[in-house]
file run.txt (compact mmCIF, C-alpha atoms)
# COMPACT_ATOMS: atom_id res chain seq x y z
CA MET A 1 0.00 0.00 0.00
CA SER A 2 1.18 3.52 -0.69
CA ASP A 3 1.99 5.87 2.14
CA THR A 4 -1.17 6.99 3.89
CA VAL A 5 -2.36 10.53 3.45
CA ASP A 6 -2.38 12.63 6.59
CA ALA A 7 -6.18 12.44 6.82
CA PRO A 8 -7.71 13.27 10.20
CA VAL A 9 -9.61 10.63 12.13
CA ILE A 10 -13.34 11.46 12.21
CA ARG A 11 -14.53 12.61 15.64
CA SER A 12 -17.79 14.10 16.87
CA ASP A 13 -16.50 17.32 18.41
CA GLU A 14 -17.28 19.66 15.49
CA PRO A 15 -20.63 21.46 15.90
CA GLY A 16 -22.93 20.81 12.95
CA SER A 17 -20.99 17.77 11.77
CA PHE A 18 -22.68 14.54 10.78
CA ALA A 19 -20.75 12.58 13.41
CA ARG A 20 -21.89 14.94 16.16
CA SER A 21 -25.53 14.65 15.07
CA VAL A 22 -25.33 10.85 15.40
CA LEU A 23 -24.14 11.03 19.02
CA ALA A 24 -26.21 14.04 20.06
CA GLU A 25 -29.47 13.27 18.23
CA ARG A 26 -29.66 9.76 16.82
CA HIS A 27 -28.44 7.88 19.88
CA PRO A 28 -30.85 9.50 22.39
CA ALA A 29 -33.73 8.89 19.96
CA LEU A 30 -32.70 5.26 19.60
CA ILE A 31 -32.64 4.77 23.36
CA GLU A 32 -36.27 5.93 23.52
CA LYS A 33 -37.27 3.60 20.67
CA VAL A 34 -35.64 0.64 22.42
CA ARG A 35 -37.30 1.58 25.72
CA ASP A 36 -40.73 1.70 24.07
CA ALA A 37 -40.25 -1.55 22.15
CA PHE A 38 -40.03 -3.80 25.23
CA PRO A 39 -41.71 -3.99 28.66
CA TYR A 40 -38.39 -3.57 30.42
CA GLY A 41 -38.33 -3.33 34.20
CA PRO A 42 -37.06 -0.53 36.46
CA GLU A 43 -33.47 -1.80 36.34
CA GLN A 44 -33.30 -1.56 32.56
CA HIS A 45 -35.05 1.83 32.55
CA ARG A 46 -32.54 3.25 35.04
CA ALA A 47 -29.63 1.88 33.02
CA LEU A 48 -30.99 3.33 29.76
CA ASP A 49 -31.48 6.72 31.43
CA ALA A 50 -27.93 6.59 32.76
CA LEU A 51 -26.55 5.76 29.31
CA ARG A 52 -28.50 8.61 27.69
CA ASP A 53 -27.25 11.13 30.25
CA ASN A 54 -23.68 9.85 30.24
CA ALA A 55 -23.41 9.85 26.45
CA ALA A 56 -24.72 13.43 26.32
CA GLU A 57 -22.72 15.08 29.08
CA GLY A 58 -20.53 12.57 30.88
CA THR A 59 -17.20 10.90 30.34
CA ILE A 60 -16.60 7.40 29.03
CA THR A 61 -16.20 4.71 31.67
CA PRO A 62 -15.14 1.07 31.33
CA LEU A 63 -17.55 -1.83 31.31
CA PRO A 64 -18.27 -3.33 34.73
CA PRO A 65 -15.64 -5.89 35.82
CA THR A 66 -18.27 -8.64 35.57
CA ALA A 67 -18.79 -8.08 31.82
CA TYR A 68 -17.65 -11.11 29.85
CA ASP A 69 -15.63 -8.92 27.46
CA HIS A 70 -14.38 -6.40 30.03
CA ASP A 71 -10.73 -7.11 29.29
CA ARG A 72 -11.18 -6.81 25.53
CA TRP A 73 -12.89 -3.42 25.78
CA ALA A 74 -10.39 -2.29 28.41
CA GLU A 75 -7.71 -2.79 25.75
CA TRP A 76 -9.72 -1.18 22.96
CA GLY A 77 -10.68 1.80 25.12
CA ARG A 78 -7.57 2.44 27.17
CA GLU A 79 -6.91 5.75 25.37
CA HIS A 80 -10.55 6.86 25.52
CA PHE A 81 -11.84 6.23 29.02
CA GLY A 82 -12.23 9.43 31.04
CA ARG A 83 -12.82 11.53 27.92
CA SER A 84 -16.01 12.96 26.43
CA TRP A 85 -17.83 10.75 23.94
CA PHE A 86 -17.48 13.59 21.46
CA ASP A 87 -13.69 13.75 21.73
CA VAL A 88 -12.81 10.18 20.74
CA PRO A 89 -12.86 8.58 17.27
CA PHE A 90 -16.40 8.42 15.90
CA LEU A 91 -16.16 4.74 14.94
CA TRP A 92 -15.07 3.78 18.44
CA ALA A 93 -17.70 5.96 20.15
CA GLU A 94 -20.53 4.51 18.05
CA SER A 95 -19.38 0.95 18.65
CA TYR A 96 -19.02 1.43 22.40
CA PHE A 97 -22.42 3.13 22.63
CA TYR A 98 -24.07 0.02 21.22
CA ARG A 99 -22.07 -2.23 23.55
CA ARG A 100 -23.24 -0.12 26.51
CA LEU A 101 -26.82 -0.26 25.27
CA LEU A 102 -26.68 -4.07 25.28
CA GLU A 103 -25.30 -3.89 28.81
CA ALA A 104 -28.13 -1.59 29.88
CA VAL A 105 -30.88 -3.95 28.72
CA GLY A 106 -29.25 -7.06 30.22
CA PHE A 107 -28.39 -8.78 26.95
CA PHE A 108 -25.35 -10.55 28.44
CA ALA A 109 -26.50 -10.82 32.06
CA ASP A 110 -28.01 -13.86 33.72
CA GLY A 111 -31.73 -13.24 33.79
CA PRO A 112 -34.87 -13.06 31.65
CA TRP A 113 -33.49 -10.52 29.15
CA ARG A 114 -30.37 -12.50 28.33
CA GLY A 115 -29.94 -12.86 24.57
CA ILE A 116 -33.04 -10.78 23.72
CA ASP A 117 -32.13 -8.59 20.73
CA PRO A 118 -33.29 -5.04 21.63
CA PHE A 119 -33.55 -4.21 17.93
CA ARG A 120 -35.53 -7.30 16.89
CA PRO A 121 -38.96 -5.60 16.75
CA PHE A 122 -37.62 -3.06 14.24
CA LYS A 123 -36.01 -5.76 12.11
CA GLN A 124 -39.16 -7.88 12.19
CA ALA A 125 -41.35 -4.94 11.24
CA GLU A 126 -39.18 -4.31 8.17
CA LEU A 127 -39.94 -7.79 6.84
CA HIS A 128 -43.70 -7.28 6.84
CA THR A 129 -44.18 -3.81 5.38
CA PRO A 130 -46.03 -3.08 2.14
CA GLU A 131 -42.69 -1.92 0.74
CA ALA A 132 -41.07 -5.29 1.44
CA GLU A 133 -44.08 -7.06 -0.08
CA ALA A 134 -43.84 -4.96 -3.23
CA GLU A 135 -40.09 -5.51 -3.53
CA LEU A 136 -40.50 -9.29 -3.30
CA ALA A 137 -43.28 -9.19 -5.88
CA THR A 138 -40.96 -7.55 -8.42
CA LEU A 139 -38.91 -10.76 -8.45
CA ASP A 140 -41.60 -12.36 -10.60
CA ASP A 141 -40.63 -10.00 -13.43
CA ILE A 142 -36.89 -9.77 -12.72
CA LEU A 143 -36.31 -13.53 -12.68
CA ARG A 144 -37.92 -13.90 -16.11
CA LYS A 145 -35.27 -11.66 -17.67
CA PRO A 146 -32.00 -12.93 -19.20
CA ALA A 147 -29.35 -13.80 -16.62
CA GLY A 148 -27.26 -10.70 -17.36
CA GLU A 149 -30.20 -8.36 -16.83
CA GLN A 150 -31.10 -10.24 -13.66
CA ALA A 151 -27.57 -9.76 -12.36
CA ASP A 152 -27.63 -6.01 -12.93
CA ALA A 153 -31.06 -5.59 -11.35
CA LEU A 154 -30.24 -7.73 -8.31
CA VAL A 155 -26.90 -6.11 -7.54
CA HIS A 156 -28.59 -2.71 -7.59
CA GLY A 157 -31.38 -4.05 -5.38
CA SER A 158 -28.78 -5.19 -2.88
CA LEU A 159 -27.00 -1.84 -3.13
CA TRP A 160 -30.04 0.40 -2.58
CA GLY A 161 -31.58 -1.86 0.06
CA ASN A 162 -29.24 -0.14 2.51
CA ARG A 163 -31.65 2.80 2.64
CA ALA A 164 -33.89 0.63 4.83
CA ASP A 165 -31.39 1.13 7.69
CA LEU A 166 -33.37 2.20 10.79
CA GLY A 167 -30.42 4.02 12.34
CA PHE A 168 -30.16 6.17 9.22
CA ARG A 169 -33.88 6.88 9.06
CA ILE A 170 -33.97 8.11 12.64
CA SER A 171 -32.07 11.22 11.56
CA ALA A 172 -32.87 11.39 7.83
CA SER A 173 -35.71 13.27 6.18
CA ALA A 174 -38.43 11.26 4.49
CA ALA A 175 -37.23 12.52 1.12
CA ASP A 176 -33.69 11.37 1.81
CA ALA A 177 -34.74 7.93 3.00
CA SER A 178 -37.39 7.06 0.46
CA GLY A 179 -36.96 9.08 -2.71
CA ALA A 180 -38.98 7.74 -5.59
CA ASP A 181 -36.20 7.90 -8.16
CA THR A 182 -33.06 5.82 -7.97
CA PRO A 183 -30.26 8.36 -7.52
CA PRO A 184 -27.10 8.07 -9.59
CA LEU A 185 -24.05 6.10 -8.59
CA VAL A 186 -20.96 8.15 -7.81
CA ALA A 187 -18.79 5.15 -8.80
CA ASP A 188 -19.82 2.02 -10.67
CA ASP A 189 -17.41 -0.90 -10.98
CA SER A 190 -20.19 -3.45 -11.48
CA GLU A 191 -18.60 -4.82 -14.66
CA ALA A 192 -15.39 -5.52 -12.74
CA LEU A 193 -17.42 -7.19 -9.99
CA TRP A 194 -19.15 -9.60 -12.36
CA SER A 195 -15.92 -10.26 -14.27
CA LEU A 196 -14.59 -11.90 -11.11
CA LEU A 197 -17.61 -14.22 -11.00
CA PRO A 198 -18.09 -15.55 -14.56
CA ALA A 199 -20.73 -18.18 -15.21
CA GLY A 200 -19.38 -21.67 -14.62
CA SER A 201 -16.81 -20.38 -12.15
CA PRO A 202 -15.65 -22.58 -9.25
CA ALA A 203 -15.57 -19.39 -7.19
CA THR A 204 -16.10 -18.83 -3.50
CA LEU A 205 -17.94 -15.58 -2.83
CA CYS A 206 -17.78 -14.02 0.62
CA VAL A 207 -20.48 -11.48 1.50
CA VAL A 208 -20.00 -9.36 4.63
CA ALA A 209 -23.56 -8.43 5.54
CA ASP A 210 -24.68 -5.08 6.84
CA ASN A 211 -28.33 -4.64 7.80
CA ALA A 212 -31.09 -7.13 8.48
CA GLY A 213 -34.71 -6.82 7.36
CA ARG A 214 -35.40 -5.19 4.02
CA GLU A 215 -31.70 -4.92 3.15
CA LEU A 216 -30.86 -8.53 3.89
CA LEU A 217 -33.69 -9.81 1.69
CA PRO A 218 -32.17 -8.47 -1.55
CA ASP A 219 -28.72 -9.60 -0.37
CA LEU A 220 -30.06 -13.15 -0.09
CA VAL A 221 -31.78 -12.90 -3.47
CA LEU A 222 -28.46 -11.82 -5.01
CA ILE A 223 -26.71 -14.76 -3.33
CA ASP A 224 -29.32 -17.11 -4.78
CA HIS A 225 -28.69 -15.70 -8.26
CA VAL A 226 -24.94 -16.25 -7.92
CA LEU A 227 -25.42 -19.88 -6.86
CA HIS A 228 -28.32 -20.68 -9.19
CA HIS A 229 -26.51 -19.35 -12.28
CA GLY A 230 -23.19 -20.96 -11.46
CA ARG A 231 -21.26 -17.76 -10.80
CA ALA A 232 -19.93 -19.34 -7.60
CA GLU A 233 -19.89 -22.85 -6.17
CA ARG A 234 -19.99 -21.60 -2.61
CA VAL A 235 -21.04 -18.46 -0.73
CA VAL A 236 -19.98 -17.52 2.79
CA LEU A 237 -22.25 -14.95 4.46
CA GLN A 238 -20.52 -13.13 7.32
CA VAL A 239 -22.84 -11.66 9.96
CA LYS A 240 -22.48 -10.13 13.42
CA PRO A 241 -22.00 -12.51 16.39
CA TYR A 242 -24.64 -10.56 18.34
CA PRO A 243 -26.70 -7.37 17.86
CA TYR A 244 -24.34 -4.53 17.07
CA TYR A 245 -25.53 -1.36 15.34
CA VAL A 246 -29.30 -1.05 15.34
CA SER A 247 -30.07 -2.86 12.08
CA ASP A 248 -27.03 -5.13 11.83
CA ALA A 249 -27.69 -8.70 10.70
CA THR A 250 -27.13 -11.72 12.94
CA THR A 251 -27.70 -15.41 12.23
CA GLU A 252 -31.18 -15.10 13.72
CA ASP A 253 -31.95 -12.36 11.20
CA VAL A 254 -30.76 -14.54 8.33
CA VAL A 255 -33.16 -17.27 9.43
CA ASP A 256 -36.01 -14.76 9.74
CA CYS A 257 -35.37 -13.54 6.19
CA LEU A 258 -35.20 -17.07 4.78
CA ARG A 259 -38.52 -17.88 6.43
CA ARG A 260 -39.99 -14.68 4.99
CA LEU A 261 -38.85 -15.68 1.51
CA VAL A 262 -40.10 -19.26 1.77
CA ARG A 263 -43.53 -18.05 2.88
CA ALA A 264 -43.78 -15.38 0.17
CA GLU A 265 -45.76 -15.61 -3.05
CA GLY A 266 -44.36 -16.32 -6.47
CA ALA A 267 -40.68 -16.33 -7.39
CA ALA A 268 -39.56 -15.19 -3.94
CA ALA A 269 -40.68 -18.50 -2.44
CA GLY A 270 -38.56 -20.42 -4.95
CA THR A 271 -35.59 -18.28 -4.04
CA GLY A 272 -36.16 -19.02 -0.36
CA ARG A 273 -36.40 -22.77 -0.94
CA ARG A 274 -33.18 -22.82 -2.98
CA LEU A 275 -31.32 -20.87 -0.31
CA TRP A 276 -32.67 -23.13 2.44
CA ALA A 277 -31.40 -26.15 0.50
CA ALA A 278 -28.06 -24.43 -0.16
CA MET A 279 -27.53 -24.00 3.57
CA GLY A 280 -28.38 -27.65 4.09
CA ASP A 281 -25.79 -28.91 1.62
CA GLY A 282 -23.08 -26.39 2.49
CA ARG A 283 -23.11 -24.24 -0.64
CA LEU A 284 -24.24 -21.34 1.57
CA THR A 285 -22.53 -21.00 4.93
CA VAL A 286 -23.19 -18.42 7.64
CA ARG A 287 -20.26 -17.26 9.75
CA ALA A 288 -20.18 -14.85 12.71
CA HIS A 289 -16.58 -13.98 13.54
CA ASP A 290 -16.04 -12.04 16.76
CA PHE A 291 -14.05 -9.35 14.94
CA PHE A 292 -17.22 -8.04 13.31
CA ARG A 293 -18.24 -6.44 16.60
CA ALA A 294 -14.86 -4.75 17.14
CA PRO A 295 -14.41 -0.93 16.91
CA LEU A 296 -11.44 -1.45 14.60
CA PRO A 297 -10.62 -1.09 10.90
CA TYR A 298 -10.35 -4.24 8.82
CA GLU A 299 -6.67 -3.50 8.44
CA GLU A 300 -6.36 -4.86 12.01
CA MET A 301 -8.26 -8.09 11.34
CA PRO A 302 -6.93 -11.23 13.06
CA GLY A 303 -5.08 -13.92 11.16
CA ASP A 304 -7.88 -16.49 11.03
CA LEU A 305 -10.31 -14.00 9.45
CA ARG A 306 -7.59 -12.86 7.05
CA SER A 307 -7.19 -16.48 5.98
CA GLU A 308 -10.94 -16.80 5.33
CA PHE A 309 -10.93 -13.71 3.13
CA ALA A 310 -7.80 -14.93 1.35
CA GLU A 311 -9.60 -18.12 0.33
CA ALA A 312 -12.44 -16.19 -1.32
CA THR A 313 -12.45 -15.43 -5.03
CA LEU A 314 -14.17 -12.15 -4.13
CA THR A 315 -15.30 -10.54 -0.90
CA VAL A 316 -18.23 -8.13 -1.10
CA VAL A 317 -18.63 -5.79 1.87
CA LYS A 318 -22.05 -4.26 2.26
CA GLY A 319 -23.05 -0.94 3.72
CA ASP A 320 -21.67 2.15 5.30
CA LEU A 321 -20.13 0.79 8.51
CA ASN A 322 -18.23 -1.90 6.63
CA TYR A 323 -16.98 0.73 4.19
CA ARG A 324 -15.71 2.89 7.04
CA ARG A 325 -13.87 -0.09 8.47
CA LEU A 326 -12.58 -1.13 5.05
CA VAL A 327 -10.95 2.16 4.00
CA GLY A 328 -10.43 3.73 7.44
CA ASP A 329 -12.79 6.16 9.20
CA ARG A 330 -10.93 9.31 8.24
CA LEU A 331 -11.58 12.46 6.24
CA TRP A 332 -9.72 11.22 3.17
CA PRO A 333 -9.60 13.42 0.10
CA PRO A 334 -12.39 11.86 -1.99
CA THR A 335 -9.98 11.25 -4.89
CA THR A 336 -7.81 9.00 -2.70
CA SER A 337 -7.29 5.67 -4.45
CA PHE A 338 -9.71 2.93 -3.36
CA ALA A 339 -7.12 0.36 -4.46
CA ASP A 340 -4.48 1.95 -2.26
CA ARG A 341 -6.78 2.17 0.76
CA THR A 342 -7.70 -1.52 0.43
CA GLY A 343 -4.27 -2.79 -0.61
CA TYR A 344 -3.88 -4.64 2.70
CA PHE A 345 -6.98 -6.77 2.05
CA PRO A 346 -5.98 -10.40 1.37
CA GLY A 347 -7.85 -10.80 -1.90
CA PRO A 348 -10.17 -9.06 -4.37
CA VAL A 349 -12.72 -6.90 -2.58
CA ALA A 350 -15.83 -4.98 -3.61
CA ALA A 351 -17.82 -2.39 -1.69
CA LEU A 352 -21.58 -1.91 -2.17
CA ARG A 353 -22.60 1.13 -0.18
CA THR A 354 -25.11 3.95 0.03
CA LEU A 355 -23.41 7.12 1.27
CA LYS A 356 -24.43 7.85 4.87
CA SER A 357 -21.23 9.12 6.50
CA ASP A 358 -18.38 11.48 5.66
CA VAL A 359 -15.91 8.81 4.51
CA ILE A 360 -15.41 8.53 0.77
CA VAL A 361 -12.51 7.51 -1.51
CA GLY A 362 -12.07 6.44 -5.10
CA LEU A 363 -13.94 9.25 -6.87
CA ASP A 364 -12.70 11.22 -9.85
CA GLU A 365 -12.26 14.98 -9.65
CA ARG A 366 -15.12 15.75 -12.06
CA THR A 367 -17.62 13.74 -9.99
CA VAL A 368 -16.51 15.41 -6.76
CA ALA A 369 -16.76 18.88 -8.29
CA ALA A 370 -20.27 18.20 -9.62
CA LEU A 371 -21.47 16.83 -6.28
CA ASP A 372 -19.96 19.72 -4.32
CA GLU A 373 -21.65 22.20 -6.65
CA ARG A 374 -25.10 20.60 -6.43
CA GLU A 375 -25.38 19.46 -2.81
CA ASP A 376 -24.09 20.38 0.63
CA HIS A 377 -24.57 16.98 2.24
CA TRP A 378 -24.10 14.47 -0.56
CA ARG A 379 -21.77 12.35 1.56
CA THR A 380 -24.35 11.70 4.29
CA SER A 381 -27.84 12.02 2.77
CA GLY A 382 -28.20 8.42 1.60
CA ALA A 383 -29.18 9.73 -1.83
CA HIS A 384 -26.04 8.42 -3.56
CA ALA A 385 -24.32 5.07 -3.73
CA LEU A 386 -21.25 3.35 -5.09
CA ILE A 387 -19.91 0.04 -6.32
CA GLN A 388 -16.12 -0.07 -6.01
CA VAL A 389 -13.86 -3.02 -6.77
CA ARG A 390 -10.20 -3.75 -6.14
CA ARG A 391 -9.08 -6.84 -7.99
call {"tool": "encode", "arguments": {"input": "run.txt", "output": "structure tokens"}}
result
Amino acid sequence: MSDTVDAPVIRSDEPGSFARSVLAERHPALIEKVRDAFPYGPEQHRALDALRDNAAEGTITPLPPTAYDHDRWAEWGREHFGRSWFDVPFLWAESYFYRRLLEAVGFFADGPWRGIDPFRPFKQAELHTPEAEAELATLDDILRKPAGEQADALVHGSLWGNRADLGFRISASAADASGADTPPLVADDSEALWSLLPAGSPATLCVVADNAGRELLPDLVLIDHVLHHGRAERVVLQVKPYPYYVSDATTEDVVDCLRRLVRAEGAAAGTGRRLWAAMGDGRLTVRAHDFFRAPLPYEEMPGDLRSEFAEATLTVVKGDLNYRRLVGDRLWPPTTSFADRTGYFPGPVAALRTLKSDVIVGLDERTVAALDEREDHWRTSGAHALIQVRR
């Protein structure tokens, strides 16, 4: 990899910045949504109140000594404890907020709330909306098209499904989150992506999932296309080991989505049955490596995960958080080379991402100039997307 540019790490201390709005506005709103979604008892209510107040005005403290991962977070947070949430790296602060939220609701504690996903009602609701029903119904038409047209339609469905992210919608306007027209891509390497997965290929495709619900459905449909049309012999779907950011996919969410597909009407049901069978015979495998809940860039991935990625013909990373971890959560000049920023990755890698944070690399100067001229917040509005590939 080339020498890194002196790009500042993104923090939340700048008034009016996107990162600050997440900590100051989105996180308190999320706490209230979680509180209202479950009949938690007084202990959980007090802990949620304490987290809300601490994140707004307090300093960061370690996990309690009884926490199963106390030592791990003590290492990750040794430079950040005792400081304001707004003064530490944004990626770390977001990750630790969600870990503290799980602590507050008793997710890891012995007791009745152990293992209860505080975000599950939101994920479940996404699977049973009229929008999800309509999206599944479109498969009847898409899957009658030639394979090449199917591929293009399904990769774009997977790409734009990211706008169903609840965490994004909490702070986005309705127009940003659900515009009727598909906005343009700021980078489109889709031809390079498919060139790595030709029909008849003995490839292994790794997909690093992002959100559950309405985003994971089109991800699974895309995986079915890849297997059904022989573009890969095997797919590995990497998910979170436990609830992480509000919409992030876990194994439980994968199962929920498969059941939703199997019980759907028309072509979607056939897709669900094929995927169910593919899991049964090993062509589709779900993995949940512990590193996916770490507040670290992928450049610091452990050796066993690096080996898994190295075995893949192509790794596709979905969504905004994975992109931030892939290229580094810094204010890079947008024309910084995507290939350089991902040069450490142990194999070909593709990013499918709607733009919902300040991080962006791999754009040409003309595109950046046009975006800067037209829009003030094009990096964070969710109205643009990209497909970037490093072979």
call {"tool": "atom_distance", "arguments": {"input": "run.txt", "atom1": "atom CA of A:His289", "atom2": "atom CA of A:Lys240"}}
result
7.0 Å
call {"tool": "atom_distance", "arguments": {"input": "run.txt", "atom1": "atom CA of A:Pro302", "atom2": "atom CA of A:Leu237"}}
result
18.0 Å
call {"tool": "residues_near_point", "arguments": {"input": "run.txt", "point": "(-9.6, -0.6, -1.0)", "cutoff": "9 Å", "atoms": "only C-alpha atoms", "output": "list of chain:residue names"}}
result
A:Leu326, A:Val327, A:Ser337, A:Phe338, A:Ala339, A:Asp340, A:Arg341, A:Thr342, A:Gly343, A:Tyr344, A:Phe345, A:Val349, A:Ala350, A:Ala351, A:Val361, A:Gly362, A:Gln388, A:Val389, A:Arg390
call {"tool": "closest_residue", "arguments": {"input": "run.txt", "among": "A:Leu143, A:Ala264, A:Ala209, A:Leu275", "to": "A:Thr250", "atoms": "all atoms listed in the file"}}
result
A:Ala209
call {"tool": "closest_residue", "arguments": {"input": "run.txt", "among": "A:Gln238, A:Ser201, A:Ser381, A:Gln44", "to": "A:Arg293", "atoms": "only C-alpha atoms"}}
result
A:Gln238
call {"tool": "residues_around", "arguments": {"input": "run.txt", "residues": "A:Ile142", "least_positions_apart": "3", "cutoff": "12 Å", "atoms": "all atoms listed in the file", "output": "VMD selection string"}}
result
chain A and resid 135 to 139 145 to 155 157 221 to 222 225 266 to 268
call {"tool": "closest_residue", "arguments": {"input": "run.txt", "among": "A:Cys206, A:Arg144, A:Leu48, A:Pro65", "to": "A:Val105", "atoms": "all atoms listed in the file"}}
result
A:Leu48
call {"tool": "atom_distance", "arguments": {"input": "run.txt", "atom1": "atom CA of A:Arg287", "atom2": "atom CA of A:Glu191"}}
result
27.4 Å
call {"tool": "closest_residue", "arguments": {"input": "run.txt", "among": "A:Ala288, A:Val186, A:Leu371, A:Ala294", "to": "A:Leu386", "atoms": "only C-alpha atoms"}}
result
A:Val186
call {"tool": "closest_residue", "arguments": {"input": "run.txt", "among": "A:Ile360, A:Cys257, A:Leu197, A:Ala93", "to": "A:Ala269", "atoms": "all atoms listed in the file"}}
result
A:Cys257
call {"tool": "closest_atom_pairs", "arguments": {"input": "run.txt", "of": "stretch 98-151 of chain A", "to": "stretch 53-59 of chain A", "cutoff": "12 Å", "atoms": "only C-alpha atoms", "output": "JSON lines"}}
result
{"residue": "A:Tyr98", "atom": "CA", "partner": "A:Ala55", "partner_atom": "CA", "distance": 11.2}
{"residue": "A:Arg100", "atom": "CA", "partner": "A:Ala55", "partner_atom": "CA", "distance": 10.0}
{"residue": "A:Leu101", "atom": "CA", "partner": "A:Ala55", "partner_atom": "CA", "distance": 10.7}
call {"tool": "closest_residue", "arguments": {"input": "run.txt", "among": "A:Asn322, A:Thr66, A:Thr285, A:Thr204", "to": "A:Asp110", "atoms": "all atoms listed in the file"}}
result
A:Thr66
call {"tool": "residues_near_point", "arguments": {"input": "run.txt", "point": "(-27.1, -27.0, -5.3)", "cutoff": "9 Å", "atoms": "only C-alpha atoms", "output": "VMD selection string"}}
result
chain A and resid 227 to 228 233 274 to 275 277 to 278 281 to 283
call {"tool": "residues_around", "arguments": {"input": "run.txt", "residues": "A:Ala7", "least_positions_apart": "4", "cutoff": "7 Å", "atoms": "all atoms listed in the file", "output": "mmCIF file with C-alpha atoms, keeping the file's coordinate frame"}}
result
data_model
loop_
_atom_site.group_PDB
_atom_site.id
_atom_site.type_symbol
_atom_site.label_atom_id
_atom_site.label_comp_id
_atom_site.auth_asym_id
_atom_site.auth_seq_id
_atom_site.Cartn_x
_atom_site.Cartn_y
_atom_site.Cartn_z
ATOM 1 C CA ARG A 330 -10.930 9.310 8.240
ATOM 2 C CA LEU A 331 -11.580 12.460 6.240
ATOM 3 C CA TRP A 332 -9.720 11.220 3.170
#
call {"tool": "residues_around", "arguments": {"input": "run.txt", "residues": "stretch 307-310 of chain A", "least_positions_apart": "2", "cutoff": "8 Å", "atoms": "only C-alpha atoms", "output": "list in words"}}
result
Cys206, Gly303, Asp304, Leu305, Ala312, Thr313, Thr315, Pro346 and Gly347 of chain A
call {"tool": "residues_around", "arguments": {"input": "run.txt", "residues": "A:Arg120", "least_positions_apart": "3", "cutoff": "9 Å", "atoms": "all atoms listed in the file", "output": "ChimeraX atom specification"}}
result
/A:116-117,123-125,243,246-247,253
call {"tool": "residues_around", "arguments": {"input": "run.txt", "residues": "stretch 28-40 of chain A", "least_positions_apart": "2", "cutoff": "7 Å", "atoms": "only C-alpha atoms", "output": "compact mmCIF listing (two decimals) with C-alpha atoms, in the coordinates of the input"}}
result
# COMPACT_ATOMS: atom_id res chain seq x y z
CA ALA A 24 -26.21 14.04 20.06
CA GLU A 25 -29.47 13.27 18.23
CA ARG A 26 -29.66 9.76 16.82
CA PRO A 42 -37.06 -0.53 36.46
CA GLN A 44 -33.30 -1.56 32.56
CA HIS A 45 -35.05 1.83 32.55
CA LEU A 48 -30.99 3.33 29.76
CA ARG A 52 -28.50 8.61 27.69
CA PRO A 118 -33.29 -5.04 21.63
CA PHE A 119 -33.55 -4.21 17.93
CA PRO A 121 -38.96 -5.60 16.75
call {"tool": "axis_aligned_box", "arguments": {"input": "run.txt", "around": "stretch 228-239 of chain A", "padding_each_side": "6 Å", "output": "JSON"}}
result
{"center_x": -24.1, "center_y": -17.3, "center_z": -1.2, "size_x": 20.4, "size_y": 23.2, "size_z": 34.2}
